[in-house]
Amino acid sequence: VPRGGYVKVLFFVNALTVAGRSTWGAKRAAAQYPIGYCSDLSATMNRVEMVIVGTKHVLPFTACDRDGQPVKTGLPSKDDPRSFSVAVMRHSDSIELEVDMRSLNIVYTGDGSYEVRLTFEQHGEFDVYLLLAGEKASSRLQVISSCPPGKDKVDSSSCGCLPGTEVDAFGDCVPCPAGSAKSTMGDTPCIQCPVGKIQPIERSTSCNLVDVGYYQDQIGQTTALACEPGTFSSKKGSHKCLDCRPGFIASGSVSKSCTPCPSGSFTPYDGATKCEPCPAHTSSAMGETSCRMCAVSFYLRDLSEDTSSETCLPCPEGALCPKNTTMATLEIQAGWWRMSAKTDRLYQCALHKDTCTPQNLRAHNCHENPESAPCQRCLSNKDSPCSGGKHEGVDGEGYCCDRDHIGVKCQVCRKRMYHFNEENGRCESCNNTTASVFYLILLLVGIVLFLQLLAYIARGLWMPQNPIGRRTITALRSLRFKFYMWGMQSKMKGLLTSYQVIAILSDDAYGLTMPTEFSWLTEILRWPEGFGLQLFIRGQCFDSYLNRLLAVGLWPIALIFTILVGYILLELVKMHDNTTSKSSKTIRRFVATKLLGLPPAKEVYAPQTETGVVESSRTRSSSVSRLASQEESVATSTSCAFKYFLAVKSGLIRALPISLLITFMYVPIASARVFKTLTCTTTIERESAMNRQSGAVVIDFLTDDLSVDCSSDEYKEARAWAWFFFAVWPVGVPLFYFGLLLASRKAVRFHRPTVISKATAFLWLEYRPDMIMWEPLALLHKLALTGYILLTKHPGLRVLIAILLCVVSLVAYFVFSPLKRREDNWVFCSLHLTLLMLFVCGIIIQACDYSDFCTTLGMGESAFGPAVIFLSVTIALNSTGLVLVVIFFITSSQSAHPILLRKGNARPQLSLKSECHFHLFLSHVWSTGQDQVAVIKRQLQLILPGVSVFLDVDDLTNISDLELYVAQSQTILTFLSKGYFLSRNCLREVKATVEQRKPIILVHEADKTKGGATLGECSAECPQEYLEKFFSVEGRTPITWHRISEFHRYSLKLIAQQLLCCCPTFVKKPLRENDIYFVNEESIENLGFETKQKVYISANNPGGVTAMMNICRLFRDQLEVVDHLPGTQKKKTPITYPQGPFAGFASAKTSHSPSQKHISSFMQSANSRLSRGRKTLMSAQKNLKREVNNLQTKSGIPFLNSSFVHRVLSTDHDVIFVLYLNCETYHGDSADDLAEEIIEAMDMDGIRIVMLHERDENRGGCEFDYVFSTTPPELIENGFFDTLS
């Protein structure tokens, strides 16, 4: 022990271990342990201990004493022999387990700490206890024995690596690397993924199959390989990709499957990446290696050929061609038909309303989408007899809608006495054919009676007593007159011709179809087809086509024959009842002149002597009597036979006009039927030609009746009859017209009507005399467009020919103007232009239907636009023409104002005696008076509406009834012209007039250039017994027929005044001339001069002084007569009033006759108006021209030439030299002096010569040719007649 230090002494307190105080857990380092430390240690210790099976596990525990302090000594020791042991029990059943001591070892680690080194050989949960000398020394320690991480229980006592792991070199379980897998427990190694499988991640228990579209051809792979384009993998785990077979493609990578080539494409290779499109017009199904079928809208015609662009043909119209269509599988649309499945020629059936036109099919894309609603409405046309489909049946019957329809286009009825109705597309019963024939006979009889009644009324042979009936008949006759006056016959013929040509456009003749929007117009145009037998008996109801052809060709002939027989019977009845000597003489005259060659008594002109004097009436009467005796002596035995011959001849003549009308209307219809029979143009194809060497098998059917085979005996017989009707209608009728016109040519040209010319007026009336042969040419033009055109089989060529014919006809009417009326030529040019436009429109419509022509023009896809345009232009053109014609008619009507009564300004009432039918009978000689009386009739009907005038050309039906017509006339107008009293028929009219005491109106033709004669010549020709009755009646003055406008109106006014005086209405109070007037008639009081005029009349001018004084009395105080010209000396010979016939004019100043009073009143009124300036010079010119003739006639003053008034009024010269021209002007001693005065006046300034031409023979008048021939040559050379009088 060191000095002064301390000695360190260690004291150890060794307490005994107490079993109950030991605890699990290692002692922690501490400076000192508090009391109860072991308890605290036990409380903080994890009571559950995890151990690994098969491995030693250290379980520390601390031995503690009673105070809970860790002990310092270990057991056993010399002081304490006790030792620790371990008890292991299962946690679930608390059964102690036997522990292999080799696996149990308790090691003292110092300071009272121990370690239990224990190996658990089994899996499970255990409870471990410490035992000290067999006494429990610790609490329960729960131990869970399990496999180490990464391993799992193999059995109850062993562990292995988990699936997805394997034992490495160190014995540890490590994850299987990517590309490998292990699915079992244990220490076996991981297996690499085989081909077709991959594993991209570690610790995998299995390898994944390669996905669809991928493959893996190596082992131990982590990723899959994508299939290349053209290959595919349809299953998982594929170790390789397969190539797409032909017809399928894989356009991209990672293809799960190959895509079949779509319809219309193909590929013939393996592993293809794209499909090749099919050649044009071909197609294929999906996944095809080649294009073995035709595309939509195309079909394969010949199955022996491969499908190609050349062998696939466009789908025929009327069929639907889906993909893979052949000729045998064509799907026929409703409304179309074919004869067999071996032909691709389709025919359109009769449709009713909504037709499947090509433009409709294109618009709705029906070839590619036939199931759409618009296509179904179009394709399921229930109105058509053809239902379409795919099965042809026998000769195409499978395409018909029911069993009643068979034959071509399903338009033949299976049942007998059934007919096909094109309006509804069905077979209908013919009903009672006998009743139809009966109705037809009634129609024929009704037509004949109706036409006869119209002719009877229109001819003026009957007038009812009832006032209403009389007015009705008068209105009908007035309408008939206006019909002919306005030239309506030519216009109606032109319209009918145009309509007949237009109507054939709606047929199949030209192959033109109107748009469906104009189907109503087509129906209207087809009505002429029903004119005739079809109105009563349908086509197939005739039981055979021959019967139908005979009926169509013969029924108008039967109608004409019926009319002819009716007229002959009427003539026989009339001739049987006519027992007068007049009829017997007519027969005897015919026998003598026509059969025996005796000189004709008609139009007998008296022979002239050597001196040119006409033979006396006595000599002429004796010649006629000798001729009559010769006739009577030879006609006694033959009169009965020739009576019937004359009746037949008269009946033929009377039936001719209505026969011409019937033939004109029916010849296009009959000719069209004949040409359709001859052409037999409906060719039906049974088998199509498959190549150039083999032709198509066709059958020709008759267009008019599709049940008739053109190779059959039935057709051959019908064709023979068709040639007969060809000679009758399209050839015979034009030749018949030509012959009639040839026989009437001279009569029409020289205005000498004959019986034939009057009966054929329907053919030539509207044409110029030199153009009467135009009617047969016009008929041939119409037949060419409606009949002859059918001889050309191709519709397109027909249209071109029709256009050419229309152009030629249009040019012909424009250049030659064959019609009399100018407006008629306009109408015909307009109608032919309309036809031309319609044919051009038809071509455009067809181009629009079958091409994109309308689309190119910007008019849409259908032909509706062009049709509207052409129809609008056509309607506008015709409307314009109609308006122009109406304006022309109105203007023409206004030029003939009616006559009115001054009292009440009303139209005079035309009345007839009960026994009369005509107001006026126009008696004239044809050779010199025909044109004049025709003008008189037309003008009277204009100024006296409702007047009935007999004119032989219009109203005469039998020359033997002249006396009857005279008896039925109220007044007789005798037109005095050259040769009137030399005509036998005129003498008959004269005799009947005198015997029946008819009022007579004499009208005189004074112009010898127009067939006139002087009154002296006319009276010399008149037989002595009639001379006094015609020319010596007091108050009867012949009315001179004038042609100059104003004088012409005055002549008509005088005729109308005398005609009205003979009417019962005015018999008691006859009308005077001043009691009637024209609507536009001006009063003479409105005439006058603006300024006073100086006039000079030469004393050397015979009759000039008298004429000048007459003028001066008309215009008193307005004319100043000078006795010499300015610049000349006063004439020695004074002007004195004339003596002789005109002496009365010298004392006119003091006379108060009605005419002179009128003149005085006129002069006062004229002076007053002129002074007030109410009338201008132009008004005076106009009014003087219209009224001067009235005043002159009343006063007895000679007529003045209107040109004189105009020149006098319009002159601004100082003096007017008035020269009066008559037959004595340049004769006599004073002629030379007159010529000198005229020459002198021509050289002076301010002198104007005005010539007055005298035309009245009673006052020395003559023709102007005579005046010109007697004029001194020096006057003519100096231009004396440059200004005519």
# chains A, B, ... in the order shown; residues from 1 in each chain; ligands from 1

call {"tool": "residues_around", "arguments": {"residues": "segment 1119-1122 of chain A", "least_positions_apart": "5", "cutoff": "8 Å", "atoms": "only C-alpha atoms", "output": "PyMOL selection string"}}
result
chain A and resi 1092-1097+1112

call {"tool": "residues_around", "arguments": {"residues": "segment 152-161 of chain A", "least_positions_apart": "6", "cutoff": "8 Å", "atoms": "only C-alpha atoms", "output": "list in words"}}
result
Val53, Gly54, Glu121, Gln122, His123, Ser146, Val167, Cys173, Met185, Gly186, Asp187 and Thr188 of chain A

call {"tool": "closest_residue", "arguments": {"among": "A:Glu305, A:Glu49, A:Asp211, A:Asp93", "to": "Ser145 of chain A", "atoms": "only C-alpha atoms"}}
result
A:Glu49

call {"tool": "residues_around", "arguments": {"residues": "segment 651-653 of chain A", "least_positions_apart": "3", "cutoff": "10 Å", "atoms": "only C-alpha atoms", "output": "ChimeraX atom specification"}}
result
/A:561,563-572,645-648,656-657,659,755-756,758-760,957-958

call {"tool": "residues_around", "arguments": {"residues": "Glu331 of chain A", "least_positions_apart": "5", "cutoff": "9 Å", "atoms": "only C-alpha atoms", "output": "ChimeraX atom specification"}}
result
/A:318-322,325,388-391

call {"tool": "atom_distance", "arguments": {"atom1": "atom CA of Ser297 of chain A", "atom2": "atom CA of Asn324 of chain A"}}
result
9.7 Å

call {"tool": "atom_distance", "arguments": {"atom1": "atom CA of Phe921 of chain A", "atom2": "atom CA of Phe950 of chain A"}}
result
4.8 Å

call {"tool": "select_by_dssp", "arguments": {"residues": "segment 166-321 of chain A", "states": "strand (DSSP E)", "output": "PyMOL selection string"}}
result
chain A and resi 166-167+173-175+180-181+191-192+197-198+208-209+214-215+225-226+231-232+242-243+248-249+259-260+265-266+276-277+282-283+293-294+298-300+312-314+319-320

call {"tool": "write_last_selection", "arguments": {"atoms": "N, CA and C atoms", "output": "short mmCIF file (atom, residue, chain, number, x, y, z; two decimals), in the first residue's frame"}}
result
data_model
loop_
_atom_site.label_atom_id
_atom_site.label_comp_id
_atom_site.auth_asym_id
_atom_site.auth_seq_id
_atom_site.Cartn_x
_atom_site.Cartn_y
_atom_site.Cartn_z
N GLU A 166 -33.52 -18.83 -57.25
CA GLU A 166 -32.64 -19.98 -57.29
C GLU A 166 -31.48 -19.74 -56.32
N VAL A 167 -30.77 -20.81 -56.01
CA VAL A 167 -29.65 -20.75 -55.06
C VAL A 167 -28.42 -20.31 -55.82
N CYS A 173 -30.83 -17.63 -51.94
CA CYS A 173 -31.86 -17.60 -53.01
C CYS A 173 -31.83 -16.24 -53.70
N VAL A 174 -31.54 -16.28 -54.88
CA VAL A 174 -31.51 -15.03 -55.65
C VAL A 174 -32.59 -15.09 -56.74
N PRO A 175 -33.11 -13.94 -57.15
CA PRO A 175 -34.17 -13.95 -58.19
C PRO A 175 -33.65 -14.53 -59.49
N SER A 180 -35.62 -15.89 -67.78
CA SER A 180 -35.72 -17.23 -67.19
C SER A 180 -36.80 -17.21 -66.14
N ALA A 181 -37.10 -18.40 -65.65
CA ALA A 181 -38.17 -18.51 -64.67
C ALA A 181 -38.04 -19.83 -63.95
N ILE A 191 -34.87 -21.84 -65.07
CA ILE A 191 -34.84 -22.36 -66.45
C ILE A 191 -35.05 -21.20 -67.42
N GLN A 192 -34.27 -21.14 -68.51
CA GLN A 192 -34.42 -20.09 -69.52
C GLN A 192 -35.74 -20.27 -70.30
N LYS A 197 -41.50 -17.80 -75.95
CA LYS A 197 -41.82 -17.23 -74.66
C LYS A 197 -40.74 -16.24 -74.27
N ILE A 198 -41.12 -15.31 -73.45
CA ILE A 198 -40.19 -14.30 -72.97
C ILE A 198 -40.53 -13.99 -71.52
N ASN A 208 -43.63 -15.72 -70.20
CA ASN A 208 -44.84 -15.24 -70.89
C ASN A 208 -44.80 -15.63 -72.36
N LEU A 209 -46.01 -16.02 -72.83
CA LEU A 209 -46.12 -16.32 -74.26
C LEU A 209 -46.00 -15.03 -75.07
N TYR A 214 -46.45 -10.99 -82.61
CA TYR A 214 -45.02 -11.05 -82.28
C TYR A 214 -44.56 -12.50 -82.33
N TYR A 215 -43.24 -12.66 -82.28
CA TYR A 215 -42.66 -14.00 -82.24
C TYR A 215 -41.31 -13.93 -81.53
N LEU A 225 -40.23 -10.25 -80.78
CA LEU A 225 -39.95 -9.60 -82.05
C LEU A 225 -41.26 -9.41 -82.81
N ALA A 226 -41.46 -8.20 -83.38
CA ALA A 226 -42.69 -7.91 -84.14
C ALA A 226 -42.64 -8.59 -85.49
N THR A 231 -46.34 -10.57 -92.95
CA THR A 231 -46.42 -11.76 -92.10
C THR A 231 -47.35 -11.48 -90.96
N PHE A 232 -47.72 -12.56 -90.26
CA PHE A 232 -48.65 -12.39 -89.16
C PHE A 232 -48.41 -13.48 -88.15
N LEU A 242 -45.96 -16.15 -89.80
CA LEU A 242 -46.34 -16.82 -91.05
C LEU A 242 -46.59 -15.78 -92.14
N ASP A 243 -46.27 -16.15 -93.35
CA ASP A 243 -46.57 -15.28 -94.49
C ASP A 243 -48.06 -15.29 -94.80
N PHE A 248 -54.53 -12.15 -99.30
CA PHE A 248 -54.53 -11.48 -98.00
C PHE A 248 -53.23 -10.68 -97.88
N ILE A 249 -53.29 -9.62 -97.09
CA ILE A 249 -52.14 -8.77 -96.92
C ILE A 249 -52.00 -8.41 -95.45
N THR A 259 -55.22 -9.33 -93.54
CA THR A 259 -56.47 -8.70 -93.98
C THR A 259 -56.77 -9.12 -95.40
N PRO A 260 -57.99 -9.60 -95.67
CA PRO A 260 -58.30 -9.98 -97.06
C PRO A 260 -58.36 -8.74 -97.94
N SER A 265 -60.12 -5.59 -105.45
CA SER A 265 -58.66 -5.68 -105.46
C SER A 265 -58.25 -7.13 -105.25
N PHE A 266 -56.96 -7.40 -105.45
CA PHE A 266 -56.48 -8.77 -105.34
C PHE A 266 -54.97 -8.74 -105.11
N GLU A 276 -53.54 -5.11 -105.10
CA GLU A 276 -53.55 -4.41 -106.38
C GLU A 276 -55.00 -4.21 -106.84
N PRO A 277 -55.34 -3.00 -107.32
CA PRO A 277 -56.72 -2.79 -107.78
C PRO A 277 -57.01 -3.61 -109.03
N THR A 282 -63.69 -4.58 -113.89
CA THR A 282 -63.67 -5.87 -113.21
C THR A 282 -63.69 -5.66 -111.71
N SER A 283 -63.93 -6.74 -111.00
CA SER A 283 -63.98 -6.66 -109.55
C SER A 283 -63.66 -8.04 -108.99
N MET A 293 -64.51 -11.51 -111.50
CA MET A 293 -65.89 -11.10 -111.72
C MET A 293 -65.91 -9.67 -112.24
N CYS A 294 -67.05 -9.27 -112.79
CA CYS A 294 -67.22 -7.91 -113.29
C CYS A 294 -67.64 -6.99 -112.15
N PHE A 298 -71.38 -3.47 -114.35
CA PHE A 298 -70.84 -4.17 -115.51
C PHE A 298 -71.23 -5.65 -115.38
N TYR A 299 -71.17 -6.31 -116.52
CA TYR A 299 -71.54 -7.72 -116.51
C TYR A 299 -70.68 -8.47 -117.51
N LEU A 300 -70.56 -9.78 -117.28
CA LEU A 300 -69.80 -10.65 -118.17
C LEU A 300 -70.76 -11.28 -119.16
N CYS A 312 -65.88 -7.35 -119.73
CA CYS A 312 -66.90 -6.82 -118.84
C CYS A 312 -67.53 -5.61 -119.51
N LEU A 313 -68.80 -5.71 -119.82
CA LEU A 313 -69.51 -4.67 -120.57
C LEU A 313 -70.38 -3.84 -119.62
N PRO A 314 -70.67 -2.59 -120.00
CA PRO A 314 -71.55 -1.78 -119.15
C PRO A 314 -72.92 -2.40 -119.01
N ALA A 319 -81.51 -2.76 -116.43
CA ALA A 319 -81.06 -3.86 -115.58
C ALA A 319 -80.19 -3.31 -114.46
N LEU A 320 -80.12 -4.08 -113.38
CA LEU A 320 -79.20 -3.79 -112.30
C LEU A 320 -78.08 -4.81 -112.34
#

call {"tool": "residues_around", "arguments": {"residues": "Gly1011 of chain A", "least_positions_apart": "4", "cutoff": "9 Å", "atoms": "only C-alpha atoms", "output": "list of chain:residue names"}}
result
A:Ser927, A:Thr928, A:Gly929, A:Ser977, A:Lys978, A:Gly979, A:Glu1005, A:Ala1006, A:Asp1007

call {"tool": "write_last_selection", "arguments": {"atoms": "C-alpha atoms", "output": "compact mmCIF listing (two decimals), in the first residue's frame"}}
result
# COMPACT_ATOMS: atom_id res chain seq x y z
CA SER A 927 -116.51 35.48 -167.20
CA THR A 928 -116.62 39.18 -166.32
CA GLY A 929 -118.33 39.54 -162.95
CA SER A 977 -120.95 43.53 -167.17
CA LYS A 978 -119.97 42.47 -170.63
CA GLY A 979 -121.90 39.42 -171.81
CA GLU A 1005 -119.24 47.71 -164.16
CA ALA A 1006 -118.04 50.68 -166.21
CA ASP A 1007 -114.34 49.79 -166.40

call {"tool": "closest_residue", "arguments": {"among": "A:Thr663, A:Gln941, A:Leu1002, A:Tyr1077", "to": "Lys903 of chain A", "atoms": "only C-alpha atoms"}}
result
A:Tyr1077

call {"tool": "closest_residue", "arguments": {"among": "A:Glu288, A:Glu685, A:Asp954, A:Glu1090", "to": "Leu765 of chain A", "atoms": "only C-alpha atoms"}}
result
A:Asp954

call {"tool": "residues_around", "arguments": {"residues": "Cys278 of chain A", "least_positions_apart": "2", "cutoff": "12 Å", "atoms": "only C-alpha atoms", "output": "ChimeraX atom specification"}}
result
/A:261-268,275-276,280-286,288-295,307-309

call {"tool": "write_last_selection", "arguments": {"atoms": "N, CA, C and O atoms", "output": "CSV table (one decimal), in the first residue's frame"}}
result
chain,number,residue,atom,x,y,z
A,261,CYS,N,-58.0,-8.9,-99.1
A,261,CYS,CA,-58.1,-7.8,-100.1
A,261,CYS,C,-59.5,-7.4,-100.2
A,261,CYS,O,-60.4,-8.3,-100.4
A,262,PRO,N,-59.8,-6.1,-100.2
A,262,PRO,CA,-61.2,-5.7,-100.3
A,262,PRO,C,-61.7,-6.0,-101.7
A,262,PRO,O,-61.0,-6.3,-102.6
A,263,SER,N,-63.0,-5.9,-101.8
A,263,SER,CA,-63.7,-6.1,-103.0
A,263,SER,C,-63.2,-5.1,-104.1
A,263,SER,O,-63.1,-3.9,-103.8
A,264,GLY,N,-62.8,-5.6,-105.2
A,264,GLY,CA,-62.3,-4.7,-106.2
A,264,GLY,C,-60.8,-4.7,-106.3
A,264,GLY,O,-60.2,-4.0,-107.1
A,265,SER,N,-60.1,-5.6,-105.5
A,265,SER,CA,-58.7,-5.7,-105.5
A,265,SER,C,-58.3,-7.1,-105.2
A,265,SER,O,-59.1,-8.0,-104.9
A,266,PHE,N,-57.0,-7.4,-105.5
A,266,PHE,CA,-56.5,-8.8,-105.3
A,266,PHE,C,-55.0,-8.7,-105.1
A,266,PHE,O,-54.3,-7.7,-105.3
A,267,THR,N,-54.4,-9.9,-104.7
A,267,THR,CA,-53.0,-10.1,-104.7
A,267,THR,C,-52.7,-11.6,-104.9
A,267,THR,O,-53.3,-12.5,-104.3
A,268,PRO,N,-51.8,-11.9,-105.8
A,268,PRO,CA,-51.5,-13.4,-106.1
A,268,PRO,C,-50.3,-13.9,-105.3
A,268,PRO,O,-50.0,-15.1,-105.5
A,275,CYS,N,-52.7,-4.7,-101.7
A,275,CYS,CA,-53.6,-5.3,-102.7
A,275,CYS,C,-53.5,-4.4,-104.0
A,275,CYS,O,-53.4,-3.2,-103.9
A,276,GLU,N,-53.5,-5.1,-105.1
A,276,GLU,CA,-53.6,-4.4,-106.4
A,276,GLU,C,-55.0,-4.2,-106.8
A,276,GLU,O,-55.8,-5.1,-106.7
A,280,ALA,N,-60.0,-2.0,-115.0
A,280,ALA,CA,-61.3,-1.4,-115.2
A,280,ALA,C,-62.4,-2.3,-115.6
A,280,ALA,O,-62.1,-3.3,-116.3
A,281,HIS,N,-63.6,-2.1,-115.0
A,281,HIS,CA,-64.8,-2.8,-115.3
A,281,HIS,C,-64.8,-4.2,-114.6
A,281,HIS,O,-65.8,-4.9,-114.7
A,282,THR,N,-63.7,-4.6,-113.9
A,282,THR,CA,-63.7,-5.9,-113.2
A,282,THR,C,-63.7,-5.7,-111.7
A,282,THR,O,-63.5,-4.6,-111.2
A,283,SER,N,-63.9,-6.7,-111.0
A,283,SER,CA,-64.0,-6.7,-109.6
A,283,SER,C,-63.7,-8.0,-109.0
A,283,SER,O,-63.4,-9.0,-109.7
A,284,SER,N,-63.7,-8.1,-107.7
A,284,SER,CA,-63.4,-9.4,-107.0
A,284,SER,C,-64.1,-9.4,-105.7
A,284,SER,O,-64.5,-8.4,-105.2
A,285,ALA,N,-64.2,-10.6,-105.1
A,285,ALA,CA,-64.7,-10.7,-103.7
A,285,ALA,C,-63.5,-10.4,-102.8
A,285,ALA,O,-62.4,-10.2,-103.2
A,286,MET,N,-63.8,-10.5,-101.5
A,286,MET,CA,-62.7,-10.2,-100.5
A,286,MET,C,-61.8,-11.4,-100.5
A,286,MET,O,-62.2,-12.6,-100.5
A,288,GLU,N,-59.5,-12.3,-102.7
A,288,GLU,CA,-59.3,-13.0,-104.0
A,288,GLU,C,-57.9,-12.9,-104.5
A,288,GLU,O,-57.2,-11.8,-104.3
A,289,THR,N,-57.4,-13.9,-105.2
A,289,THR,CA,-56.0,-13.9,-105.8
A,289,THR,C,-56.1,-13.3,-107.2
A,289,THR,O,-55.0,-13.1,-107.7
A,290,SER,N,-57.3,-13.1,-107.7
A,290,SER,CA,-57.4,-12.5,-109.0
A,290,SER,C,-58.8,-11.9,-109.2
A,290,SER,O,-59.7,-12.2,-108.4
A,291,CYS,N,-59.0,-11.1,-110.2
A,291,CYS,CA,-60.3,-10.4,-110.4
A,291,CYS,C,-61.1,-11.3,-111.3
A,291,CYS,O,-61.0,-11.2,-112.6
A,292,ARG,N,-62.0,-12.1,-110.8
A,292,ARG,CA,-62.7,-13.1,-111.5
A,292,ARG,C,-64.1,-12.7,-111.8
A,292,ARG,O,-64.9,-13.6,-112.3
A,293,MET,N,-64.5,-11.5,-111.5
A,293,MET,CA,-65.9,-11.1,-111.7
A,293,MET,C,-65.9,-9.7,-112.2
A,293,MET,O,-64.9,-8.9,-112.1
A,294,CYS,N,-67.1,-9.3,-112.8
A,294,CYS,CA,-67.2,-7.9,-113.3
A,294,CYS,C,-67.6,-7.0,-112.1
A,294,CYS,O,-68.3,-7.4,-111.2
A,295,ALA,N,-67.3,-5.7,-112.3
A,295,ALA,CA,-67.6,-4.8,-111.3
A,295,ALA,C,-69.0,-4.4,-111.3
A,295,ALA,O,-69.8,-4.8,-112.1
A,307,THR,N,-62.5,-12.9,-117.3
A,307,THR,CA,-62.9,-11.6,-116.9
A,307,THR,C,-61.8,-10.6,-117.2
A,307,THR,O,-60.7,-10.8,-116.8
A,308,SER,N,-62.1,-9.5,-117.9
A,308,SER,CA,-61.1,-8.5,-118.2
A,308,SER,C,-61.9,-7.2,-118.5
A,308,SER,O,-63.1,-7.1,-118.6
A,309,SER,N,-61.1,-6.1,-118.7
A,309,SER,CA,-61.7,-4.9,-119.1
A,309,SER,C,-62.5,-4.9,-120.4
A,309,SER,O,-63.4,-4.1,-120.6

call {"tool": "decode", "arguments": {"residues": "segment 494-506 of chain A", "atoms": "N, CA and C atoms", "output": "PDB file, in the first residue's frame"}}
result
ATOM      1  N   GLY A 494    -103.246  24.322-141.060  1.00  0.00           N
ATOM      2  CA  GLY A 494    -101.863  24.378-140.584  1.00  0.00           C
ATOM      3  C   GLY A 494    -101.722  23.883-139.158  1.00  0.00           C
ATOM      4  N   LEU A 495    -102.651  24.295-138.292  1.00  0.00           N
ATOM      5  CA  LEU A 495    -102.595  23.850-136.906  1.00  0.00           C
ATOM      6  C   LEU A 495    -102.805  22.339-136.795  1.00  0.00           C
ATOM      7  N   LEU A 496    -103.764  21.818-137.563  1.00  0.00           N
ATOM      8  CA  LEU A 496    -104.013  20.379-137.524  1.00  0.00           C
ATOM      9  C   LEU A 496    -102.804  19.599-138.033  1.00  0.00           C
ATOM     10  N   THR A 497    -102.190  20.097-139.102  1.00  0.00           N
ATOM     11  CA  THR A 497    -100.991  19.427-139.628  1.00  0.00           C
ATOM     12  C   THR A 497     -99.877  19.424-138.598  1.00  0.00           C
ATOM     13  N   SER A 498     -99.644  20.573-137.969  1.00  0.00           N
ATOM     14  CA  SER A 498     -98.592  20.653-136.960  1.00  0.00           C
ATOM     15  C   SER A 498     -98.898  19.738-135.782  1.00  0.00           C
ATOM     16  N   TYR A 499    -100.161  19.702-135.376  1.00  0.00           N
ATOM     17  CA  TYR A 499    -100.524  18.848-134.242  1.00  0.00           C
ATOM     18  C   TYR A 499    -100.312  17.383-134.578  1.00  0.00           C
ATOM     19  N   GLN A 500    -100.665  16.989-135.809  1.00  0.00           N
ATOM     20  CA  GLN A 500    -100.482  15.598-136.190  1.00  0.00           C
ATOM     21  C   GLN A 500     -99.008  15.218-136.216  1.00  0.00           C
ATOM     22  N   VAL A 501     -98.156  16.167-136.617  1.00  0.00           N
ATOM     23  CA  VAL A 501     -96.718  15.882-136.612  1.00  0.00           C
ATOM     24  C   VAL A 501     -96.191  15.849-135.184  1.00  0.00           C
ATOM     25  N   ILE A 502     -96.643  16.812-134.351  1.00  0.00           N
ATOM     26  CA  ILE A 502     -96.173  16.853-132.968  1.00  0.00           C
ATOM     27  C   ILE A 502     -96.639  15.610-132.214  1.00  0.00           C
ATOM     28  N   ALA A 503     -97.850  15.138-132.536  1.00  0.00           N
ATOM     29  CA  ALA A 503     -98.380  13.973-131.824  1.00  0.00           C
ATOM     30  C   ALA A 503     -97.516  12.744-132.046  1.00  0.00           C
ATOM     31  N   ILE A 504     -96.921  12.633-133.220  1.00  0.00           N
ATOM     32  CA  ILE A 504     -96.110  11.444-133.477  1.00  0.00           C
ATOM     33  C   ILE A 504     -94.806  11.494-132.697  1.00  0.00           C
ATOM     34  N   LEU A 505     -94.428  12.704-132.189  1.00  0.00           N
ATOM     35  CA  LEU A 505     -93.233  12.793-131.346  1.00  0.00           C
ATOM     36  C   LEU A 505     -93.419  12.020-130.045  1.00  0.00           C
ATOM     37  N   SER A 506     -94.670  11.920-129.568  1.00  0.00           N
ATOM     38  CA  SER A 506     -94.928  11.184-128.332  1.00  0.00           C
ATOM     39  C   SER A 506     -94.933   9.685-128.547  1.00  0.00           C
TER      40      SER A 506
END
